Every structure is written in structure tokens, then in C-alpha cells.
file my_file.txt (compact mmCIF, C-alpha atoms)
# COMPACT_ATOMS: atom_id res chain seq x y z
CA MET A 1 -117.09 50.04 -136.55
CA ALA A 2 -116.93 53.62 -135.33
CA ASN A 3 -115.55 56.50 -137.31
CA GLU A 4 -113.75 54.61 -140.07
CA ALA A 5 -113.36 57.57 -142.37
CA ALA A 6 -111.45 60.03 -140.25
CA PRO A 7 -107.74 59.21 -139.73
CA PRO A 8 -105.24 59.65 -142.52
CA ASP A 9 -103.06 56.78 -143.71
CA PHE A 10 -100.01 55.75 -141.71
CA THR A 11 -96.71 57.56 -142.08
CA PRO A 12 -93.79 55.15 -142.27
CA THR A 13 -91.34 55.59 -139.39
CA GLU A 14 -87.91 54.19 -138.65
CA LYS A 15 -89.70 51.25 -137.01
CA THR A 16 -92.40 50.58 -139.60
CA ARG A 17 -90.78 51.32 -142.94
CA VAL A 18 -90.42 48.01 -144.78
CA LYS A 19 -86.76 47.89 -145.75
CA ARG A 20 -86.28 44.44 -147.19
CA LEU A 21 -88.35 43.96 -150.38
CA HIS A 22 -89.86 47.39 -149.78
CA GLU A 23 -92.39 46.90 -152.59
CA ARG A 24 -94.21 44.59 -150.18
CA GLY A 25 -94.84 47.44 -147.71
CA HIS A 26 -98.24 49.09 -147.35
CA TYR A 27 -99.19 52.00 -145.16
CA ASP A 28 -102.81 52.69 -146.09
CA ARG A 29 -105.55 52.03 -143.57
CA GLU A 30 -107.65 50.04 -146.01
CA THR A 31 -104.93 47.41 -146.44
CA VAL A 32 -104.01 47.36 -142.74
CA TYR A 33 -107.61 47.13 -141.54
CA ALA A 34 -108.49 44.38 -144.02
CA ILE A 35 -105.57 42.26 -142.77
CA LEU A 36 -106.44 42.86 -139.12
CA ASP A 37 -110.13 42.10 -139.70
CA ALA A 38 -109.34 38.83 -141.48
CA GLY A 39 -107.98 37.25 -138.27
CA PHE A 40 -108.49 36.95 -134.54
CA ILE A 41 -105.16 35.64 -133.18
CA CYS A 42 -102.14 37.93 -133.02
CA HIS A 43 -98.75 37.79 -131.34
CA VAL A 44 -98.02 40.54 -128.83
CA GLY A 45 -94.40 41.32 -128.01
CA TYR A 46 -93.37 43.09 -124.82
CA ILE A 47 -90.34 43.36 -122.58
CA ILE A 48 -89.90 42.26 -118.98
CA ASP A 49 -86.48 42.81 -117.42
CA ASP A 50 -84.68 43.15 -120.77
CA GLN A 51 -86.23 39.90 -122.00
CA PRO A 52 -88.59 39.86 -125.00
CA PHE A 53 -91.81 37.84 -124.63
CA VAL A 54 -94.16 36.93 -127.49
CA THR A 55 -97.63 35.81 -126.46
CA PRO A 56 -100.39 34.61 -128.77
CA THR A 57 -103.72 36.20 -127.92
CA SER A 58 -107.06 37.00 -129.47
CA TYR A 59 -107.56 40.51 -130.84
CA TRP A 60 -110.07 42.60 -132.72
CA ARG A 61 -110.28 46.07 -134.25
CA GLU A 62 -112.78 48.86 -133.76
CA GLY A 63 -112.20 52.01 -135.77
CA ASP A 64 -108.62 53.15 -135.36
CA ARG A 65 -107.94 51.00 -132.29
CA VAL A 66 -106.96 47.40 -131.78
CA TYR A 67 -108.08 45.48 -128.69
CA TRP A 68 -106.89 42.27 -127.09
CA HIS A 69 -107.82 40.41 -123.94
CA GLY A 70 -107.10 37.74 -121.36
CA SER A 71 -107.13 37.19 -117.66
CA SER A 72 -105.86 39.92 -115.38
CA ALA A 73 -103.62 37.29 -113.85
CA SER A 74 -101.44 36.65 -116.86
CA ARG A 75 -97.81 37.68 -117.03
CA MET A 76 -98.34 39.75 -120.14
CA LEU A 77 -101.29 41.69 -118.85
CA ARG A 78 -99.80 42.43 -115.46
CA THR A 79 -96.84 43.97 -117.24
CA ILE A 80 -98.62 45.74 -120.06
CA SER A 81 -101.05 47.42 -117.71
CA LYS A 82 -98.07 49.30 -116.30
CA GLY A 83 -97.79 50.94 -119.72
CA ILE A 84 -94.82 49.33 -121.44
CA LYS A 85 -94.37 49.36 -125.18
CA VAL A 86 -95.78 46.57 -127.30
CA CYS A 87 -95.53 45.32 -130.85
CA LEU A 88 -98.67 43.56 -132.04
CA THR A 89 -98.23 41.41 -135.14
CA ALA A 90 -101.04 39.67 -137.02
CA THR A 91 -100.09 37.26 -139.80
CA HIS A 92 -102.02 35.24 -142.37
CA VAL A 93 -100.22 32.53 -144.32
CA ASP A 94 -101.75 32.37 -147.80
CA GLY A 95 -99.56 29.88 -149.60
CA LEU A 96 -96.28 28.14 -150.27
CA VAL A 97 -94.45 29.73 -153.20
CA LEU A 98 -92.65 26.82 -154.84
CA ALA A 99 -89.94 28.26 -157.08
CA ARG A 100 -87.40 26.47 -159.23
CA SER A 101 -84.68 27.12 -156.65
CA GLY A 102 -84.69 27.03 -152.89
CA PHE A 103 -83.45 30.62 -152.81
CA HIS A 104 -86.51 32.00 -154.61
CA SER A 105 -89.01 29.78 -152.84
CA SER A 106 -91.12 31.90 -150.57
CA ILE A 107 -94.38 32.25 -148.71
CA ASN A 108 -97.43 34.27 -149.68
CA TYR A 109 -98.62 36.11 -146.59
CA ARG A 110 -100.27 39.20 -145.23
CA ALA A 111 -98.90 40.66 -142.00
CA VAL A 112 -99.48 43.79 -139.93
CA MET A 113 -97.07 45.13 -137.32
CA ALA A 114 -98.44 47.75 -134.95
CA PHE A 115 -96.31 49.62 -132.42
CA GLY A 116 -97.58 51.55 -129.44
CA GLU A 117 -98.35 51.63 -125.75
CA ALA A 118 -101.23 49.55 -124.48
CA GLU A 119 -104.01 51.05 -122.39
CA VAL A 120 -106.11 49.03 -119.99
CA ILE A 121 -109.86 49.51 -120.43
CA THR A 122 -111.19 50.01 -116.91
CA ASP A 123 -114.72 51.29 -117.59
CA GLU A 124 -117.07 48.29 -117.30
CA ARG A 125 -119.44 49.44 -120.03
CA HIS A 126 -116.59 50.08 -122.43
CA LYS A 127 -115.14 46.68 -121.57
CA GLU A 128 -118.47 44.94 -122.21
CA GLN A 129 -118.85 46.74 -125.54
CA ALA A 130 -115.35 45.66 -126.54
CA LEU A 131 -115.96 42.01 -125.65
CA LYS A 132 -119.23 42.09 -127.57
CA ALA A 133 -117.37 43.46 -130.58
CA PHE A 134 -114.95 40.53 -130.39
CA VAL A 135 -117.68 37.87 -130.13
CA GLU A 136 -119.61 39.47 -132.99
CA HIS A 137 -116.45 39.72 -135.11
CA VAL A 138 -115.64 36.02 -134.78
CA THR A 139 -119.19 34.61 -134.49
CA PRO A 140 -121.77 37.11 -135.77
CA GLY A 141 -125.06 36.96 -133.90
CA ARG A 142 -123.70 34.99 -130.95
CA TRP A 143 -123.54 37.75 -128.30
CA ALA A 144 -127.33 37.98 -128.05
CA MET A 145 -127.59 34.17 -127.68
CA LEU A 146 -125.20 33.97 -124.72
CA ARG A 147 -125.92 34.01 -121.01
CA PRO A 148 -125.33 37.71 -120.20
CA VAL A 149 -121.94 38.68 -118.84
CA THR A 150 -121.79 39.39 -115.11
CA SER A 151 -120.09 42.29 -113.40
CA GLN A 152 -117.81 39.78 -111.67
CA GLU A 153 -116.74 38.35 -115.04
CA LEU A 154 -116.06 41.81 -116.42
CA LYS A 155 -113.85 42.51 -113.40
CA GLY A 156 -111.98 39.27 -114.05
CA THR A 157 -111.29 40.11 -117.70
CA THR A 158 -108.62 42.56 -118.72
CA VAL A 159 -109.14 44.24 -122.05
CA LEU A 160 -106.24 46.13 -123.55
CA SER A 161 -106.34 48.63 -126.33
CA MET A 162 -103.89 50.51 -128.50
CA GLN A 163 -104.35 53.27 -131.02
CA LEU A 164 -103.28 52.34 -134.55
CA ASP A 165 -100.71 55.07 -135.20
CA GLU A 166 -97.39 53.49 -136.06
CA VAL A 167 -98.33 50.61 -138.30
CA SER A 168 -97.26 48.86 -141.48
CA ALA A 169 -98.47 45.94 -143.53
CA LYS A 170 -96.33 43.56 -145.54
CA VAL A 171 -97.89 41.47 -148.27
CA ARG A 172 -96.58 38.93 -150.77
CA THR A 173 -98.88 37.57 -153.46
CA GLY A 174 -98.53 35.82 -156.77
CA PRO A 175 -96.32 33.20 -158.41
CA PRO A 176 -92.59 32.64 -157.82
CA LYS A 177 -90.05 35.10 -159.19
CA ASP A 178 -87.30 32.88 -160.52
CA ASP A 179 -83.97 33.73 -162.10
CA ASP A 180 -84.47 34.24 -165.87
CA GLU A 181 -82.32 31.26 -166.83
CA ASP A 182 -84.21 28.95 -164.46
CA TYR A 183 -87.57 29.22 -166.25
CA ALA A 184 -86.43 26.68 -168.84
CA LEU A 185 -85.67 24.01 -166.22
CA PRO A 186 -87.97 20.98 -166.02
CA ILE A 187 -89.07 21.80 -162.48
CA TRP A 188 -92.69 22.24 -161.43
CA ALA A 189 -93.26 25.69 -159.95
CA GLY A 190 -96.29 27.48 -158.65
CA VAL A 191 -98.21 28.30 -155.52
CA LEU A 192 -99.86 25.92 -153.09
CA PRO A 193 -102.63 28.06 -151.57
CA LEU A 194 -103.21 27.65 -147.83
CA LYS A 195 -106.05 28.91 -145.73
CA VAL A 196 -107.71 28.38 -142.37
CA SER A 197 -110.85 26.33 -142.81
CA SER A 198 -113.43 25.00 -140.40
CA GLY A 199 -114.60 21.46 -139.96
CA PRO A 200 -118.00 20.22 -138.83
CA PRO A 201 -119.05 21.73 -135.46
CA GLU A 202 -118.47 19.37 -132.53
CA PRO A 203 -121.42 19.66 -130.13
CA ASP A 204 -120.53 19.81 -126.44
CA PRO A 205 -121.15 16.28 -125.02
CA ARG A 206 -122.89 18.03 -122.11
CA LEU A 207 -125.53 19.72 -124.30
CA THR A 208 -128.80 19.08 -122.44
CA VAL A 209 -131.09 20.90 -124.82
CA THR A 210 -132.05 20.52 -128.43
CA VAL A 211 -131.03 23.73 -130.12
CA PRO A 212 -130.09 24.18 -133.75
CA ILE A 213 -126.42 24.73 -134.52
CA PRO A 214 -126.17 28.48 -135.17
CA GLU A 215 -125.11 29.76 -138.56
CA HIS A 216 -121.80 31.15 -137.24
CA ALA A 217 -120.83 27.67 -135.98
CA ARG A 218 -121.84 25.88 -139.16
CA LYS A 219 -119.32 27.84 -141.16
CA PHE A 220 -116.39 29.95 -140.12
CA ALA A 221 -115.90 32.92 -142.40
CA LEU A 222 -113.99 35.91 -141.10
CA GLU A 223 -113.25 37.19 -144.58
CA ARG A 224 -116.74 38.32 -145.48
CA MET B 1 -83.50 14.43 -137.13
CA ALA B 2 -80.24 14.06 -135.21
CA ASN B 3 -79.96 12.76 -131.71
CA GLU B 4 -83.57 13.02 -130.62
CA ALA B 5 -83.18 10.80 -127.61
CA ALA B 6 -80.54 12.59 -125.62
CA PRO B 7 -81.70 15.78 -123.86
CA PRO B 8 -83.93 15.58 -120.79
CA ASP B 9 -87.27 17.37 -120.66
CA PHE B 10 -87.41 21.10 -120.02
CA THR B 11 -87.25 22.49 -116.52
CA PRO B 12 -89.79 25.27 -116.00
CA THR B 13 -88.16 28.60 -115.17
CA GLU B 14 -89.51 31.95 -114.04
CA LYS B 15 -90.00 32.79 -117.72
CA THR B 16 -91.50 29.54 -118.96
CA ARG B 17 -93.67 28.29 -116.10
CA VAL B 18 -97.29 28.58 -117.23
CA LYS B 19 -98.96 30.55 -114.45
CA ARG B 20 -102.46 31.22 -115.74
CA LEU B 21 -104.41 27.95 -116.21
CA HIS B 22 -101.24 26.06 -115.31
CA GLU B 23 -102.84 22.71 -116.21
CA ARG B 24 -102.35 23.77 -119.83
CA GLY B 25 -98.56 23.87 -119.44
CA HIS B 26 -96.30 21.15 -120.82
CA TYR B 27 -92.54 20.82 -120.48
CA ASP B 28 -91.78 17.50 -122.14
CA ARG B 29 -89.82 17.40 -125.37
CA GLU B 30 -92.32 15.12 -127.10
CA THR B 31 -95.13 17.67 -126.76
CA VAL B 32 -92.90 20.65 -127.59
CA TYR B 33 -91.33 19.01 -130.63
CA ALA B 34 -94.69 17.82 -131.99
CA ILE B 35 -96.05 21.37 -131.83
CA LEU B 36 -92.95 22.85 -133.45
CA ASP B 37 -92.93 20.21 -136.21
CA ALA B 38 -96.59 20.80 -137.04
CA GLY B 39 -95.86 24.31 -138.35
CA PHE B 40 -93.44 26.41 -140.33
CA ILE B 41 -94.26 30.04 -139.45
CA CYS B 42 -93.34 31.40 -136.03
CA HIS B 43 -93.17 34.85 -134.49
CA VAL B 44 -89.75 35.95 -133.24
CA GLY B 45 -89.59 38.70 -130.63
CA TYR B 46 -86.48 40.80 -130.06
CA ILE B 47 -85.54 44.20 -128.71
CA ILE B 48 -83.99 47.15 -130.51
CA ASP B 49 -83.43 50.31 -128.45
CA ASP B 50 -85.92 49.32 -125.74
CA GLN B 51 -88.61 48.63 -128.34
CA PRO B 52 -90.05 45.13 -128.80
CA PHE B 53 -90.38 43.84 -132.37
CA VAL B 54 -92.34 40.76 -133.41
CA THR B 55 -91.52 39.40 -136.87
CA PRO B 56 -93.22 36.45 -138.57
CA THR B 57 -90.70 34.13 -140.15
CA SER B 58 -90.33 30.56 -141.32
CA TYR B 59 -88.69 28.10 -138.93
CA TRP B 60 -87.89 24.44 -138.57
CA ARG B 61 -86.47 22.10 -135.95
CA GLU B 62 -83.56 19.69 -136.07
CA GLY B 63 -82.87 17.70 -132.92
CA ASP B 64 -82.73 20.04 -129.94
CA ARG B 65 -82.31 23.20 -132.02
CA VAL B 66 -84.71 25.48 -133.82
CA TYR B 67 -83.66 27.31 -136.99
CA TRP B 68 -85.11 30.28 -138.81
CA HIS B 69 -84.04 32.28 -141.83
CA GLY B 70 -84.34 35.35 -144.02
CA SER B 71 -82.22 37.87 -145.82
CA SER B 72 -79.12 39.19 -144.11
CA ALA B 73 -80.46 42.64 -144.85
CA SER B 74 -83.52 42.49 -142.64
CA ARG B 75 -83.85 44.52 -139.49
CA MET B 76 -84.37 41.47 -137.34
CA LEU B 77 -81.39 39.54 -138.59
CA ARG B 78 -78.98 42.44 -138.45
CA THR B 79 -79.88 42.82 -134.80
CA ILE B 80 -80.09 39.21 -133.80
CA SER B 81 -76.71 38.40 -135.27
CA LYS B 82 -75.24 40.70 -132.64
CA GLY B 83 -76.48 38.15 -130.12
CA ILE B 84 -79.51 39.69 -128.45
CA LYS B 85 -82.12 37.64 -126.66
CA VAL B 86 -85.11 36.33 -128.54
CA CYS B 87 -88.44 34.71 -127.78
CA LEU B 88 -89.66 32.41 -130.53
CA THR B 89 -93.36 31.54 -130.37
CA ALA B 90 -95.12 29.04 -132.64
CA THR B 91 -98.90 28.82 -132.43
CA HIS B 92 -101.55 26.58 -133.99
CA VAL B 93 -105.19 27.58 -133.73
CA ASP B 94 -107.27 24.40 -133.51
CA GLY B 95 -110.77 25.67 -132.89
CA LEU B 96 -113.26 28.14 -131.51
CA VAL B 97 -114.59 27.01 -128.15
CA LEU B 98 -118.17 28.25 -128.12
CA ALA B 99 -119.38 28.21 -124.51
CA ARG B 100 -122.73 29.26 -123.09
CA SER B 101 -121.23 32.52 -121.85
CA GLY B 102 -118.75 34.90 -123.38
CA PHE B 103 -116.55 34.54 -120.31
CA HIS B 104 -116.02 30.80 -120.81
CA SER B 105 -115.72 30.98 -124.59
CA SER B 106 -112.18 30.19 -125.55
CA ILE B 107 -109.85 28.97 -128.25
CA ASN B 108 -108.32 25.53 -128.68
CA TYR B 109 -104.67 25.98 -129.52
CA ARG B 110 -101.16 24.59 -129.23
CA ALA B 111 -98.33 27.05 -128.65
CA VAL B 112 -94.62 26.82 -127.87
CA MET B 113 -92.55 29.66 -126.43
CA ALA B 114 -88.78 29.26 -126.62
CA PHE B 115 -86.32 31.67 -125.01
CA GLY B 116 -82.66 31.96 -125.79
CA GLU B 117 -79.91 33.71 -127.71
CA ALA B 118 -79.77 33.25 -131.45
CA GLU B 119 -76.60 32.11 -133.17
CA VAL B 120 -75.85 32.88 -136.81
CA ILE B 121 -74.87 29.84 -138.87
CA THR B 122 -71.80 30.95 -140.81
CA ASP B 123 -70.48 27.63 -142.13
CA GLU B 124 -71.76 27.25 -145.71
CA ARG B 125 -72.20 23.48 -145.53
CA HIS B 126 -74.12 23.71 -142.27
CA LYS B 127 -76.26 26.48 -143.77
CA GLU B 128 -77.03 24.40 -146.86
CA GLN B 129 -77.93 21.40 -144.70
CA ALA B 130 -80.24 23.57 -142.61
CA LEU B 131 -82.02 25.01 -145.67
CA LYS B 132 -82.42 21.52 -147.09
CA ALA B 133 -83.98 20.42 -143.81
CA PHE B 134 -86.50 23.27 -144.08
CA VAL B 135 -87.47 22.49 -147.67
CA GLU B 136 -87.80 18.79 -146.87
CA HIS B 137 -89.87 19.55 -143.77
CA VAL B 138 -92.41 21.63 -145.67
CA THR B 139 -92.30 19.86 -149.05
CA PRO B 140 -90.78 16.37 -148.73
CA GLY B 141 -88.76 15.34 -151.77
CA ARG B 142 -88.49 18.83 -153.24
CA TRP B 143 -84.84 19.61 -152.43
CA ALA B 144 -83.55 17.06 -154.95
CA MET B 145 -85.85 18.48 -157.64
CA LEU B 146 -84.60 22.05 -157.32
CA ARG B 147 -81.88 23.86 -159.22
CA PRO B 148 -78.93 23.47 -156.81
CA VAL B 149 -78.22 26.32 -154.43
CA THR B 150 -75.23 28.52 -155.34
CA SER B 151 -72.51 29.74 -153.05
CA GLN B 152 -73.67 33.30 -153.74
CA GLU B 153 -77.20 32.42 -152.61
CA LEU B 154 -75.91 30.80 -149.44
CA LYS B 155 -73.94 33.97 -148.69
CA GLY B 156 -77.11 36.01 -149.19
CA THR B 157 -79.16 33.91 -146.79
CA THR B 158 -78.83 34.24 -143.07
CA VAL B 159 -79.78 31.19 -141.05
CA LEU B 160 -80.23 31.58 -137.33
CA SER B 161 -80.34 28.88 -134.74
CA MET B 162 -81.14 28.54 -131.07
CA GLN B 163 -80.82 25.66 -128.66
CA LEU B 164 -84.11 24.52 -127.17
CA ASP B 165 -83.32 24.92 -123.47
CA GLU B 166 -85.84 27.25 -121.87
CA VAL B 167 -89.10 26.21 -123.45
CA SER B 168 -92.72 25.58 -122.59
CA ALA B 169 -95.83 24.51 -124.44
CA LYS B 170 -99.37 25.59 -123.70
CA VAL B 171 -102.27 23.54 -125.01
CA ARG B 172 -106.05 23.79 -124.75
CA THR B 173 -108.22 21.00 -126.10
CA GLY B 174 -111.76 19.78 -125.69
CA PRO B 175 -115.24 21.21 -125.18
CA PRO B 176 -116.17 24.36 -123.27
CA LYS B 177 -116.06 24.37 -119.48
CA ASP B 178 -119.18 26.23 -118.49
CA ASP B 179 -120.51 27.24 -115.10
CA ASP B 180 -122.58 24.36 -113.65
CA GLU B 181 -125.83 26.31 -113.70
CA ASP B 182 -125.34 27.32 -117.35
CA TYR B 183 -125.52 23.77 -118.75
CA ALA B 184 -129.33 23.83 -118.58
CA LEU B 185 -129.59 26.95 -120.74
CA PRO B 186 -130.97 26.56 -124.28
CA ILE B 187 -127.72 27.72 -125.90
CA TRP B 188 -125.77 25.72 -128.46
CA ALA B 189 -122.25 25.02 -127.23
CA GLY B 190 -119.35 23.10 -128.67
CA VAL B 191 -116.19 23.46 -130.67
CA LEU B 192 -115.79 24.69 -134.22
CA PRO B 193 -112.58 22.96 -135.35
CA LEU B 194 -110.19 25.04 -137.44
CA LYS B 195 -107.16 23.96 -139.40
CA VAL B 196 -104.86 25.10 -142.15
CA SER B 197 -105.77 23.38 -145.38
CA SER B 198 -104.42 23.57 -148.89
CA GLY B 199 -106.28 24.30 -152.09
CA PRO B 200 -105.49 23.08 -155.61
CA PRO B 201 -101.91 23.93 -156.67
CA GLU B 202 -101.71 27.02 -158.90
CA PRO B 203 -99.14 26.38 -161.63
CA ASP B 204 -96.77 29.24 -162.38
CA PRO B 205 -98.09 30.97 -165.56
CA ARG B 206 -94.48 30.97 -166.77
CA LEU B 207 -94.11 27.16 -166.64
CA THR B 208 -92.47 26.29 -169.97
CA VAL B 209 -92.22 22.57 -169.45
CA THR B 210 -94.68 19.77 -168.93
CA VAL B 211 -93.85 18.29 -165.56
CA PRO B 212 -96.23 16.50 -163.23
CA ILE B 213 -97.31 18.36 -160.12
CA PRO B 214 -95.22 16.79 -157.36
CA GLU B 215 -96.88 14.93 -154.53
CA HIS B 216 -95.87 17.58 -151.92
CA ALA B 217 -97.69 20.26 -153.94
CA ARG B 218 -100.81 18.21 -154.51
CA LYS B 219 -101.44 17.99 -150.81
CA PHE B 220 -100.03 19.92 -147.92
CA ALA B 221 -99.62 17.78 -144.82
CA LEU B 222 -97.16 18.84 -142.17
CA GLU B 223 -98.82 16.70 -139.51
CA ARG B 224 -97.79 13.32 -140.81

call {"tool": "encode", "arguments": {"input": "my_file.txt", "output": "C-alpha cells"}}
result
Amino acid sequence: MANEAAPPDFTPTEKTRVKRLHERGHYDRETVYAILDAGFICHVGYIIDDQPFVTPTSYWREGDRVYWHGSSASRMLRTISKGIKVCLTATHVDGLVLARSGFHSSINYRAVMAFGEAEVITDERHKEQALKAFVEHVTPGRWAMLRPVTSQELKGTTVLSMQLDEVSAKVRTGPPKDDDEDYALPIWAGVLPLKVSSGPPEPDPRLTVTVPIPEHARKFALER
Amino acid sequence: MANEAAPPDFTPTEKTRVKRLHERGHYDRETVYAILDAGFICHVGYIIDDQPFVTPTSYWREGDRVYWHGSSASRMLRTISKGIKVCLTATHVDGLVLARSGFHSSINYRAVMAFGEAEVITDERHKEQALKAFVEHVTPGRWAMLRPVTSQELKGTTVLSMQLDEVSAKVRTGPPKDDDEDYALPIWAGVLPLKVSSGPPEPDPRLTVTVPIPEHARKFALER
């Protein structure tokens, strides 16, 4: 990751200041980057003709920028490349918070909301570097194993990028917070932790060669 | 779930027709409802002052409506209750599709995008029924165990609802689809399945009573 040390932490704005349960808000780059780096699917919001759209897409971070990609043909990318505003939200669900009342039941989560204008990466070398960064983020060591990317494929892939300027994180952790008088009730309370886990790799039925299953496919571990 | 049989399948519109990789698009209620019912966190997109916002929130489905909730104080809910348009997207990540090239590497996923205008549920009984449906969806049997909801709590909870009219699902399953000439390459290819799984329940340190851990907390299983 390039140049991690430089930018200062985020300044809350009218858009990013966490208003509800403001103690859950975080504006430091360490927290924001750790949440972004722990995932690879975000939801990008954008507007076409006064209509909001929310599209799930893969993303990755390099330094103080976030990148995402897809085909040049998609509705989102055609629109974003004209320079409209986006909101990119990445969320991890960490657990069900089972309180003694429905009202205080909650969810443990980590989420980042990033606001900005997307830029299209047009330089082929930059685009290739960005795609490599994504592959290496999700499956370390895989880029060098792959059939090299062609110029035609790079042309057919749109990579978007946005500077991380107006950003906040929201995090809930820990046990339920019940009403004082409810703690005496005979109701089980606690947290049911949830996480994304990987199952055994499923070899392509069309594998024609005997190659060992690479380490990154034997175990998925983004949070390393 | 009320009245599941009645409404016809969705008609693709300019907004919902899946254009890129259109074979992944689905417009039947069975597929859409199964995807919605398999989760409980969605991303809701909305517009404030020409700026898109994407907020993660819990949701649930009853019949041909989707519901979501949060505090009346939040930015999203204050705005949505004025009746602006939303896009609600629910996504499940099912696996990394590891192809022989970066270009054909992909992600197995199920996603639903639903467009419409949100309505605020104001009737207290309807609101209570909706919250009960959420609790029972995520943790079957828990509602009856909880300290009953108070009128004050119902007033402090905003429940939103939207009819499922303009909706599409997008689904990718199965192994990579590589270029014909790449199948002979000595590169491991296949799918690394991913899913949300639960760990051992973490009892609240402030539990003062000896109560058995309920079934719904011993094992999380939305896809039942």
C-alpha cells in the first residue's frame, strides 16, 4: 500500500458526522482502513434521473484511495464515468445482539461510508496495477499464477477510483445494553457472533491438469 | 407470511432489467423472495440534496412487502418518511470464482434490487406486528421470550415499508467460465465457497439468572 502515513484523519462533515448513537462514530484512518481492508464487496450508491441506485460490487483500497470495478457496459459504470457523486458503503456483520427486550436487541457491525466523485482509471498500466492489487488483496499470490491479462481485457474492464476524503466509520461491539430493571429477568441475553467463513475449495470440473490447490484457496482470510 | 400466492411475477422495467450478463437476471417472486428471506441486512439508497446515501440496515419481508427499521432520529429515516424514492439492495456473497485469468475471475452471489417509495408505518399494532416478524425471522421463538415491548418503545422506533413492485434479482452460480484455450493451462481453478456462519454464543457478562441458551442462539440458520 502506497503512502499510508501521510494524510490526516477525516474531518466529520454534515454528511459523515454520525448523529444517532454518535459514540459509534469513528473518523480516524486506522479504523476506516481496517474496516475497508477486511472486505471486498461494497454497495455503491449513485443517482440516475433523480432515482437512487445501489449496486453491489467488488472494491479494494490502496493508500488513501478506494477502487472498484466491473464491465464498461454496466449501468452504474456508464453513469459514474460521467462524474456523478457516489456513496460507497462497506459493511461487516459481526453478530446478533440478543437483549432482554426487542427494543435493545441490536447488531454488532463495522461499516464505512465514503462520499466523493468517482474517477475512471484510463491509463492501462495503472488499471493493470489496480486489478493486481485487488487479486492480491483477496487471494494473495494468485496474480503471478494467472494467465497474464491482455490489452483487450484491460480495455474491457472499467476501474473506478475515489479519494478517501469525506468518510466515517460506524462500529458497534460488545454485549447488549438493557434497561437496568430488565437485567433481573429470566431471559437469556448475549451475542451470537457471525462471520464470513470459507468451505472446502470446489475444483473446476474442467480442470485438465494436476495442480495443487493454492494456499489462498484452501483458506479464505482477509483479516490477516 | 400473508398472501404469498397472489401477486404475479415482476415485469422488468428500464431500472430493473439486468443488462450486463442478462442471463443472470431473474424476475420471478420465488427467486426474489428466497434471496430476501436468506438475509437480514440490506443497503438502502436514498437522496438528500442531490447526494446519494447508502445506509446498511436490518430488513425483513412479509408477503409482497419489505420492511426495515431504525430510530426515528436517524438521517435516513427523517428523509425517507417525507416520501423520497429508495433503492433497497440485499446481497449474499456465495463464493470466490477463481478462474485461470484475472478477467474471468468472478464472485458467486445472489442480489435483489428493489425500487419504490417508502411508507412509514404509524399504526402501533401494525408496527409491533412488523417488529415481531423481524425478531421471529432472525431468531425463531424469541419474541415470546422477551420482555414485552412498551408503547414508548414503539413510538421511538420507526418502521418503514415498501411494496415489492419494481424488483429484480441477479444471481451467479457455478464454476469459472474461462477462455477455451486457457483450460489447458496448469492453473488451479474452481470456487471457494463463502457463507455467513455463527460461532458459539457469548453470554452477556451481566446475566444474573441461569437460563438455557435458546435454540435460535445456539445455531444461526436463516436458510431453513

call {"tool": "residues_around", "arguments": {"input": "my_file.txt", "residues": "Gly190 (chain A)", "least_positions_apart": "4", "cutoff": "6 Å", "atoms": "all atoms listed in the file", "output": "list in words"}}
result
Leu98 and Pro175 of chain A; Glu202, Pro203 and Asp204 of chain B

call {"tool": "interface_residues", "arguments": {"input": "my_file.txt", "of": "chain B", "to": "chain A", "cutoff": "6 Å", "atoms": "only C-alpha atoms", "output": "compact mmCIF listing (two decimals) with C-alpha atoms, in the coordinates of the input"}}
result
# COMPACT_ATOMS: atom_id res chain seq x y z
CA ARG B 20 -102.46 31.22 -115.74
CA GLY B 45 -89.59 38.70 -130.63
CA TYR B 46 -86.48 40.80 -130.06
CA PRO B 52 -90.05 45.13 -128.80
CA PHE B 53 -90.38 43.84 -132.37
CA VAL B 54 -92.34 40.76 -133.41
CA SER B 74 -83.52 42.49 -142.64
CA CYS B 87 -88.44 34.71 -127.78
CA ARG B 100 -122.73 29.26 -123.09
CA SER B 101 -121.23 32.52 -121.85
CA LEU B 146 -84.60 22.05 -157.32
CA ARG B 147 -81.88 23.86 -159.22
CA PRO B 175 -115.24 21.21 -125.18
CA PRO B 186 -130.97 26.56 -124.28
CA TRP B 188 -125.77 25.72 -128.46
CA ALA B 189 -122.25 25.02 -127.23
CA GLY B 190 -119.35 23.10 -128.67
CA VAL B 191 -116.19 23.46 -130.67
CA LEU B 192 -115.79 24.69 -134.22
CA PRO B 193 -112.58 22.96 -135.35
CA LEU B 194 -110.19 25.04 -137.44
CA LYS B 195 -107.16 23.96 -139.40
CA VAL B 196 -104.86 25.10 -142.15
CA SER B 197 -105.77 23.38 -145.38
CA SER B 198 -104.42 23.57 -148.89
CA GLY B 199 -106.28 24.30 -152.09
CA PRO B 201 -101.91 23.93 -156.67
CA GLU B 202 -101.71 27.02 -158.90
CA PRO B 203 -99.14 26.38 -161.63
CA ASP B 204 -96.77 29.24 -162.38
CA VAL B 209 -92.22 22.57 -169.45
CA VAL B 211 -93.85 18.29 -165.56

call {"tool": "axis_aligned_box", "arguments": {"input": "my_file.txt", "around": "region 117-134 of chain B", "padding_each_side": "8 Å", "output": "AutoDock Vina command-line options"}}
result
--center_x -78.5 --center_y 27.1 --center_z -137.4 --size_x 32.0 --size_y 29.3 --size_z 35.4

call {"tool": "atom_distance", "arguments": {"input": "my_file.txt", "atom1": "CA of Phe10 (chain A)", "atom2": "CA of Glu136 (chain A)"}}
result
26.9 Å

call {"tool": "residues_around", "arguments": {"input": "my_file.txt", "residues": "Tyr33 (chain A)", "least_positions_apart": "2", "cutoff": "9 Å", "atoms": "all atoms listed in the file", "output": "MDAnalysis selection string"}}
result
chainID A and resid 28:31 35:38 61 63:64 112

call {"tool": "atom_distance", "arguments": {"input": "my_file.txt", "atom1": "CA of Ala169 (chain B)", "atom2": "CA of His69 (chain A)"}}
result
19.9 Å

call {"tool": "atom_distance", "arguments": {"input": "my_file.txt", "atom1": "CA of Asn108 (chain B)", "atom2": "CA of Ala221 (chain A)"}}
result
17.3 Å

call {"tool": "closest_residue", "arguments": {"input": "my_file.txt", "among": "A:Val171, A:Ala118, A:Leu164, A:Val66", "to": "Ala130 (chain A)", "atoms": "all atoms listed in the file"}}
result
A:Val66
